[in-house]
>>> print(open('protein01.txt').read())   # compact mmCIF, C-alpha atoms
# COMPACT_ATOMS: atom_id res chain seq x y z
CA MET A 157 46.82 110.17 115.20
CA GLY A 158 47.40 113.03 117.55
CA SER A 159 50.14 115.59 117.20
CA THR A 160 52.11 114.09 120.09
CA PRO A 161 53.39 110.52 120.54
CA ALA A 162 52.86 110.62 124.33
CA GLY A 163 51.26 107.35 125.41
CA LYS A 164 51.53 105.86 121.91
CA VAL A 165 53.29 102.61 121.02
CA ALA A 166 56.03 102.80 118.37
CA PHE A 167 57.61 99.77 116.68
CA ILE A 168 60.96 100.65 115.07
CA THR A 169 62.89 98.32 112.77
CA GLY A 170 66.64 98.81 112.59
CA GLY A 171 66.17 100.49 115.94
CA ALA A 172 69.51 99.60 117.52
CA SER A 173 71.66 102.16 115.68
CA GLY A 174 71.71 105.22 113.45
CA ILE A 175 68.40 106.83 112.56
CA GLY A 176 66.42 104.04 114.25
CA ALA A 177 68.17 104.57 117.59
CA ALA A 178 67.66 108.33 117.30
CA PHE A 179 63.95 107.78 116.68
CA ALA A 180 63.68 105.42 119.64
CA THR A 181 65.35 107.91 121.98
CA ALA A 182 63.37 110.91 120.74
CA LEU A 183 60.02 109.12 120.85
CA ALA A 184 60.70 107.81 124.36
CA ASP A 185 61.62 111.33 125.46
CA GLN A 186 58.22 112.44 124.15
CA GLY A 187 56.41 109.81 126.19
CA ALA A 188 55.97 106.98 123.69
CA VAL A 189 56.47 103.31 124.47
CA VAL A 190 59.14 102.17 121.99
CA TRP A 191 59.88 98.71 120.68
CA ILE A 192 63.43 98.52 119.38
CA ALA A 193 63.43 95.76 116.75
CA ASP A 194 66.77 94.71 115.31
CA ARG A 195 68.75 91.61 114.40
CA GLN A 196 71.53 93.10 116.54
CA ILE A 197 69.70 92.15 119.73
CA GLY A 198 72.61 93.02 122.05
CA PRO A 199 72.82 96.70 121.03
CA ALA A 200 68.99 96.84 120.96
CA GLN A 201 68.83 95.64 124.57
CA GLU A 202 71.54 98.10 125.62
CA LEU A 203 69.64 101.00 124.05
CA ALA A 204 66.38 99.89 125.69
CA GLN A 205 68.16 99.78 129.05
CA ARG A 206 69.56 103.29 128.59
CA ILE A 207 66.10 104.60 127.70
CA ASN A 208 64.51 102.88 130.70
CA ASP A 209 67.25 104.12 133.03
CA ALA A 210 66.50 107.66 131.81
CA GLY A 211 62.83 107.28 132.73
CA GLY A 212 61.47 106.22 129.35
CA LYS A 213 59.69 103.04 128.33
CA ALA A 214 61.44 100.71 125.88
CA GLN A 215 61.59 97.05 124.97
CA ALA A 216 64.05 95.26 122.69
CA VAL A 217 62.93 92.50 120.37
CA GLU A 218 64.97 90.46 117.93
CA LEU A 219 63.90 90.91 114.31
CA ASP A 220 65.36 89.98 110.95
CA VAL A 221 63.24 91.99 108.50
CA ARG A 222 64.17 89.58 105.70
CA SER A 223 61.98 86.94 107.34
CA TYR A 224 58.21 87.37 107.53
CA PRO A 225 57.85 84.77 110.33
CA SER A 226 60.41 86.79 112.30
CA PHE A 227 58.29 89.90 111.74
CA GLU A 228 55.12 88.09 112.83
CA ARG A 229 56.77 86.91 116.06
CA ALA A 230 58.19 90.33 116.93
CA VAL A 231 54.94 92.15 116.21
CA ALA A 232 52.94 89.57 118.16
CA GLU A 233 55.21 90.10 121.18
CA ALA A 234 54.76 93.87 121.00
CA LEU A 235 51.01 93.49 120.65
CA ARG A 236 50.81 91.02 123.53
CA TYR A 237 52.63 93.34 125.94
CA SER A 238 51.52 96.78 124.72
CA GLY A 239 48.06 96.00 123.33
CA ARG A 240 48.40 98.09 120.19
CA ILE A 241 50.86 99.58 117.69
CA ASP A 242 50.34 103.24 116.85
CA TYR A 243 53.50 103.86 114.84
CA LEU A 244 55.41 101.52 112.58
CA PHE A 245 58.81 102.89 111.58
CA ASN A 246 60.02 100.69 108.71
CA ASN A 247 63.56 101.94 109.13
CA ALA A 248 65.94 98.99 108.66
CA GLY A 249 68.15 99.39 105.60
CA ILE A 250 71.50 98.44 104.10
CA GLY A 251 73.55 99.54 101.11
CA ALA A 252 75.89 97.94 98.62
CA GLY A 253 78.23 100.58 97.27
CA GLY A 254 80.05 100.45 93.98
CA GLU A 255 79.06 100.33 90.34
CA VAL A 256 76.82 97.58 89.00
CA ASP A 257 79.68 95.88 87.17
CA SER A 258 81.19 95.13 90.59
CA TYR A 259 78.02 93.55 92.03
CA THR A 260 77.43 89.94 92.86
CA LEU A 261 73.99 88.37 92.92
CA ASP A 262 74.20 88.39 96.72
CA ASP A 263 74.59 92.18 96.64
CA TRP A 264 71.29 92.53 94.81
CA ASN A 265 69.50 89.97 96.96
CA ASP A 266 70.67 91.36 100.29
CA VAL A 267 69.70 94.94 99.48
CA ILE A 268 66.32 93.98 98.00
CA ASP A 269 65.53 91.63 100.90
CA VAL A 270 66.20 94.24 103.58
CA ASN A 271 65.22 97.51 101.91
CA LEU A 272 62.16 96.40 99.96
CA ARG A 273 60.92 93.07 101.28
CA GLY A 274 61.60 94.26 104.82
CA VAL A 275 59.28 97.23 104.32
CA ALA A 276 56.61 95.10 102.61
CA TYR A 277 56.77 92.54 105.43
CA GLY A 278 56.40 95.28 108.03
CA ILE A 279 53.32 96.64 106.30
CA GLN A 280 51.88 93.15 105.92
CA ALA A 281 52.39 92.43 109.63
CA VAL A 282 51.23 95.74 111.13
CA TYR A 283 48.80 97.39 108.70
CA PRO A 284 45.94 94.93 109.50
CA ILE A 285 46.41 95.68 113.20
CA MET A 286 46.11 99.41 112.54
CA ILE A 287 42.99 98.84 110.44
CA ARG A 288 41.38 96.94 113.34
CA GLN A 289 42.41 99.72 115.73
CA GLY A 290 40.89 102.33 113.46
CA GLY A 291 44.13 104.28 113.19
CA GLY A 292 47.89 104.35 113.14
CA HIS A 293 50.82 105.81 111.25
CA ILE A 294 53.23 103.91 109.00
CA VAL A 295 56.53 105.72 108.44
CA ASN A 296 58.77 104.18 105.78
CA THR A 297 62.41 105.26 105.56
CA ALA A 298 63.46 105.70 101.94
CA SER A 299 66.19 108.17 100.97
CA MET A 300 66.94 111.04 98.63
CA ALA A 301 68.11 108.11 96.48
CA GLY A 302 64.41 107.24 96.31
CA LEU A 303 63.68 110.56 94.61
CA VAL A 304 66.71 111.05 92.35
CA ALA A 305 69.10 108.80 90.45
CA SER A 306 72.22 107.99 92.45
CA PRO A 307 75.08 106.31 90.55
CA GLY A 308 77.37 104.12 92.61
CA ILE A 309 74.48 102.78 94.70
CA ALA A 310 72.14 101.43 92.01
CA SER A 311 70.60 98.62 94.08
CA TYR A 312 69.98 100.99 96.98
CA THR A 313 68.49 103.56 94.58
CA ALA A 314 66.17 100.96 93.04
CA THR A 315 64.82 99.79 96.39
CA LYS A 316 64.37 103.30 97.76
CA HIS A 317 62.47 104.40 94.63
CA ALA A 318 60.23 101.39 95.21
CA VAL A 319 59.66 102.36 98.85
CA VAL A 320 58.63 105.88 97.82
CA GLY A 321 56.17 104.53 95.25
CA MET A 322 54.78 101.95 97.67
CA SER A 323 54.29 104.59 100.35
CA LYS A 324 52.47 107.02 98.05
CA ALA A 325 50.09 104.31 96.86
CA LEU A 326 49.43 102.99 100.37
CA ARG A 327 48.83 106.49 101.70
CA LEU A 328 45.87 106.88 99.36
CA GLU A 329 44.47 103.44 100.16
CA ALA A 330 44.91 103.77 103.92
CA GLU A 331 42.98 107.03 104.27
CA ARG A 332 39.64 105.24 104.52
CA HIS A 333 40.94 103.22 107.49
CA GLY A 334 42.20 106.26 109.38
CA VAL A 335 45.80 105.13 108.87
CA ARG A 336 48.43 107.66 107.83
CA VAL A 337 51.46 106.83 105.70
CA SER A 338 54.59 108.95 105.36
CA VAL A 339 57.88 108.30 103.59
CA LEU A 340 61.16 109.72 104.84
CA CYS A 341 63.74 110.81 102.29
CA PRO A 342 66.85 111.72 104.29
CA GLY A 343 69.80 113.47 102.74
CA VAL A 344 73.19 112.35 104.02
CA ILE A 345 72.92 111.43 107.71
CA ARG A 346 75.94 110.61 109.85
CA THR A 347 75.18 106.93 110.47
CA PRO A 348 77.14 103.69 109.95
CA ILE A 349 75.57 103.16 106.52
CA LEU A 350 77.85 105.90 105.10
CA SER A 351 80.71 103.41 105.25
CA GLY A 352 78.73 100.24 104.61
CA GLY A 353 77.25 99.62 108.05
CA ARG A 354 77.10 96.32 109.94
CA TYR A 355 75.48 94.34 107.11
CA GLY A 356 76.16 96.41 103.99
CA ARG A 357 79.30 96.58 101.88
CA SER A 358 81.23 98.84 99.56
CA ASN A 359 82.79 97.53 96.37
CA GLY A 360 85.55 99.99 95.57
CA LEU A 361 86.18 102.62 98.25
CA THR A 362 87.80 102.10 101.62
CA GLU A 363 85.84 103.10 104.73
CA GLU A 364 87.96 106.25 105.05
CA GLN A 365 87.34 107.18 101.40
CA GLN A 366 83.60 106.65 101.73
CA LEU A 367 83.41 109.03 104.66
CA LYS A 368 85.54 111.55 102.77
CA PHE A 369 83.26 111.23 99.72
CA TRP A 370 80.15 112.13 101.73
CA GLU A 371 81.65 114.85 103.90
CA PRO A 372 81.15 117.75 101.41
CA LEU A 373 77.41 117.02 101.56
CA ARG A 374 77.34 118.01 105.24
CA PRO A 375 76.08 114.85 106.95
CA LEU A 376 73.44 115.64 109.56
CA ALA A 377 73.57 114.16 113.07
CA PRO A 378 70.90 111.44 113.43
CA GLU A 379 69.51 113.09 116.58
CA VAL A 380 68.90 116.34 114.69
CA PHE A 381 67.39 114.41 111.79
CA ALA A 382 65.02 112.51 114.11
CA GLU A 383 63.82 115.72 115.78
CA ARG A 384 63.03 117.40 112.44
CA ALA A 385 61.55 114.28 110.86
CA LEU A 386 59.24 113.60 113.81
CA ARG A 387 57.86 117.13 113.62
CA ALA A 388 56.93 116.48 109.99
CA VAL A 389 55.50 113.06 110.89
CA SER A 390 53.29 114.70 113.53
CA ARG A 391 51.90 116.95 110.79
CA GLY A 392 51.12 113.92 108.65
CA LYS A 393 53.28 114.98 105.72
CA ALA A 394 53.43 112.53 102.81
CA ILE A 395 57.04 112.94 101.64
CA ILE A 396 59.51 114.19 104.22
CA VAL A 397 62.89 115.50 103.05
CA VAL A 398 65.43 116.33 105.79
CA PRO A 399 67.57 118.43 105.66
CA ALA A 400 65.16 120.56 103.65
CA TRP A 401 67.90 121.95 101.38
CA TRP A 402 68.13 118.52 99.71
CA LYS A 403 64.80 119.31 98.05
CA ALA A 404 66.85 121.39 95.59
CA PHE A 405 68.22 118.18 94.03
CA TRP A 406 64.71 116.72 93.77
CA TYR A 407 63.36 119.88 92.16
CA LEU A 408 66.33 120.08 89.78
CA GLU A 409 65.75 116.57 88.47
CA ARG A 410 62.07 117.29 87.89
CA LEU A 411 62.66 120.67 86.25
CA SER A 412 65.74 119.76 84.19
CA PRO A 413 66.54 116.04 84.00
CA THR A 414 69.42 116.74 81.62
CA LEU A 415 71.10 119.18 83.99
CA PHE A 416 70.63 116.79 86.88
CA LEU A 417 72.25 113.95 84.94
CA TRP A 418 75.22 116.23 84.27
CA ALA A 419 75.56 116.91 88.01
CA SER A 420 75.25 113.20 88.80
CA ARG A 421 77.91 112.41 86.19
CA SER A 422 80.27 114.78 88.01
CA SER A 423 79.61 112.95 91.27
CA LEU A 424 80.32 109.61 89.61
CA LYS A 425 83.56 110.97 88.15
CA ARG A 426 84.68 112.04 91.62
CA MET A 427 83.89 108.59 93.02
CA ARG A 428 85.87 106.89 90.24
CA GLU A 429 88.84 109.18 90.85
CA MET A 430 88.81 108.24 94.53
CA GLU A 431 88.60 104.55 93.64
CA SER A 432 91.64 104.86 91.39
CA THR A 433 93.72 106.15 94.28
CA ALA A 434 92.63 103.14 96.38
CA ASP A 435 93.92 100.60 93.84
>>> encode(input="protein01.txt", output="structure tokens")
Amino acid sequence: MGSTPAGKVAFITGGASGIGAAFATALADQGAVVWIADRQIGPAQELAQRINDAGGKAQAVELDVRSYPSFERAVAEALRYSGRIDYLFNNAGIGAGGEVDSYTLDDWNDVIDVNLRGVAYGIQAVYPIMIRQGGGHIVNTASMAGLVASPGIASYTATKHAVVGMSKALRLEAERHGVRVSVLCPGVIRTPILSGGRYGRSNGLTEEQQLKFWEPLRPLAPEVFAERALRAVSRGKAIIVVPAWWKAFWYLERLSPTLFLWASRSSLKRMREMESTAD
């Protein structure tokens, strides 16, 4: 892969909003052809229209990442029209907030189906195409919750740890095919997922309380995140942490797991205190 996406074809899951929409816009601005894949087809089409009106090249395609046949159809459409896929951004994700004792089985299933199966299905659908092409770049969106333990979002944490592990293993395997693999580990980004998002949920805090909980961690605008993340993607970095200061939490857990658990316990205490005021 070259250092610039100009002329490349990018397929972005969860592309209609948040980080996915920021990626689509930034990549189109840099000359890429973007496929905005989302089960929210209306917003995906609106974003594609805005990009095209601004002189970019974008297509919207309906995709439910929980369904492999849906992935096959969407990828086949992109391949039929664009001839290749140079970037796969496995970006779709949801969260189920609250402690595990508040979960239902549906909470577990929904988060695992989108955050883990959705990434696996994307790889299964696109990786063989990239192998045949002799190159490509798979970019999986995990989270800082994929690097450190995050109480209050256990299902999200479990799936994002899995995405990090999957990406590291695939990166080593894919080298011989000329395919790059990177995993994104965002800190707190100002997207709808902070308050549950369109398909996620929070068991405990109100939407206002959730936003208040995250605010001290200085949520980054998705457009700024996309710009910084894409620079790291162009360099082929394996694990991409943006904003970079979040690496301090990752390093702390590795250097002193006990101290990190103490800090996480303080965060959990704050969340419980906020929940008590909502009752």
>>> closest_residue(input="protein01.txt", among="A:Gly211, A:Gly249, A:Gly321, A:Gly171", to="A:Gln186", atoms="all atoms listed in the file")
A:Gly211
>>> atom_distance(input="protein01.txt", atom1="atom CA of A:Met286", atom2="atom CA of A:Pro378")
27.6 Å
>>> closest_residue(input="protein01.txt", among="A:Val217, A:Val339, A:Val231, A:Ala301", to="A:Ile285", atoms="all atoms listed in the file")
A:Val231
>>> closest_residue(input="protein01.txt", among="A:Ala234, A:Val389, A:Leu424, A:Ala330", to="A:Ala310", atoms="all atoms listed in the file")
A:Leu424
>>> residues_around(input="protein01.txt", residues="A:Phe179", least_positions_apart="6", cutoff="9 Å", atoms="all atoms listed in the file", output="PyMOL selection string")
chain A and resi 168+171+245+378-379+381-383+386
>>> closest_residue(input="protein01.txt", among="A:Gln215, A:Asn265, A:Ser423, A:Asn208", to="A:Gly308", atoms="only C-alpha atoms")
A:Ser423
>>> atom_distance(input="protein01.txt", atom1="atom CA of A:Ala178", atom2="atom CA of A:Pro199")
13.3 Å
>>> closest_residue(input="protein01.txt", among="A:Arg236, A:Arg336, A:Lys403, A:Arg346", to="A:Gly290", atoms="all atoms listed in the file")
A:Arg336
>>> closest_residue(input="protein01.txt", among="A:Ile175, A:Leu417, A:Leu326, A:Ile268", to="A:Cys341", atoms="only C-alpha atoms")
A:Ile175
>>> residues_around(input="protein01.txt", residues="A:Ile287", least_positions_apart="6", cutoff="12 Å", atoms="only C-alpha atoms", output="ChimeraX atom specification")
/A:240-242,279-281,293-294,329-336
>>> atom_distance(input="protein01.txt", atom1="atom CA of A:Val337", atom2="atom CA of A:Ser173")
23.0 Å
>>> residues_around(input="protein01.txt", residues="stretch 189-197 of chain A", least_positions_apart="5", cutoff="8 Å", atoms="only C-alpha atoms", output="list in words")
Gly163, Lys164, Val165, Ala166, Phe167, Ile168, Thr169, Gly170, Gly171, Ala172, Ala177, Ala180, Leu183, Ala184, Ala204, Gly212, Lys213, Ala214, Gln215, Ala216, Val217, Glu218, Leu219, Asp220, Ala230, Ala234 and Ala248 of chain A
>>> residues_around(input="protein01.txt", residues="stretch 394-401 of chain A", least_positions_apart="5", cutoff="9 Å", atoms="all atoms listed in the file", output="list of chain:residue names")
A:Ser299, A:Met300, A:Val320, A:Ser323, A:Lys324, A:Arg327, A:Arg336, A:Val337, A:Ser338, A:Val339, A:Leu340, A:Cys341, A:Pro342, A:Gly343, A:Val344, A:Leu376, A:Phe381, A:Arg384, A:Ala385, A:Ala388, A:Val389
>>> residues_around(input="protein01.txt", residues="A:Asp269", least_positions_apart="5", cutoff="10 Å", atoms="only C-alpha atoms", output="list in words")
Val221, Arg222, Ser223, Gly249, Ile250, Trp264, Gly274, Val275, Ala276, Tyr277 and Thr315 of chain A
>>> write_last_selection(input="protein01.txt", atoms="C-alpha atoms", output="PDB file, keeping the file's coordinate frame")
ATOM      1  CA  VAL A 221      63.240  91.990 108.500  1.00  0.00           C
ATOM      2  CA  ARG A 222      64.170  89.580 105.700  1.00  0.00           C
ATOM      3  CA  SER A 223      61.980  86.940 107.340  1.00  0.00           C
ATOM      4  CA  GLY A 249      68.150  99.390 105.600  1.00  0.00           C
ATOM      5  CA  ILE A 250      71.500  98.440 104.100  1.00  0.00           C
ATOM      6  CA  TRP A 264      71.290  92.530  94.810  1.00  0.00           C
ATOM      7  CA  GLY A 274      61.600  94.260 104.820  1.00  0.00           C
ATOM      8  CA  VAL A 275      59.280  97.230 104.320  1.00  0.00           C
ATOM      9  CA  ALA A 276      56.610  95.100 102.610  1.00  0.00           C
ATOM     10  CA  TYR A 277      56.770  92.540 105.430  1.00  0.00           C
ATOM     11  CA  THR A 315      64.820  99.790  96.390  1.00  0.00           C
TER      12      THR A 315
END
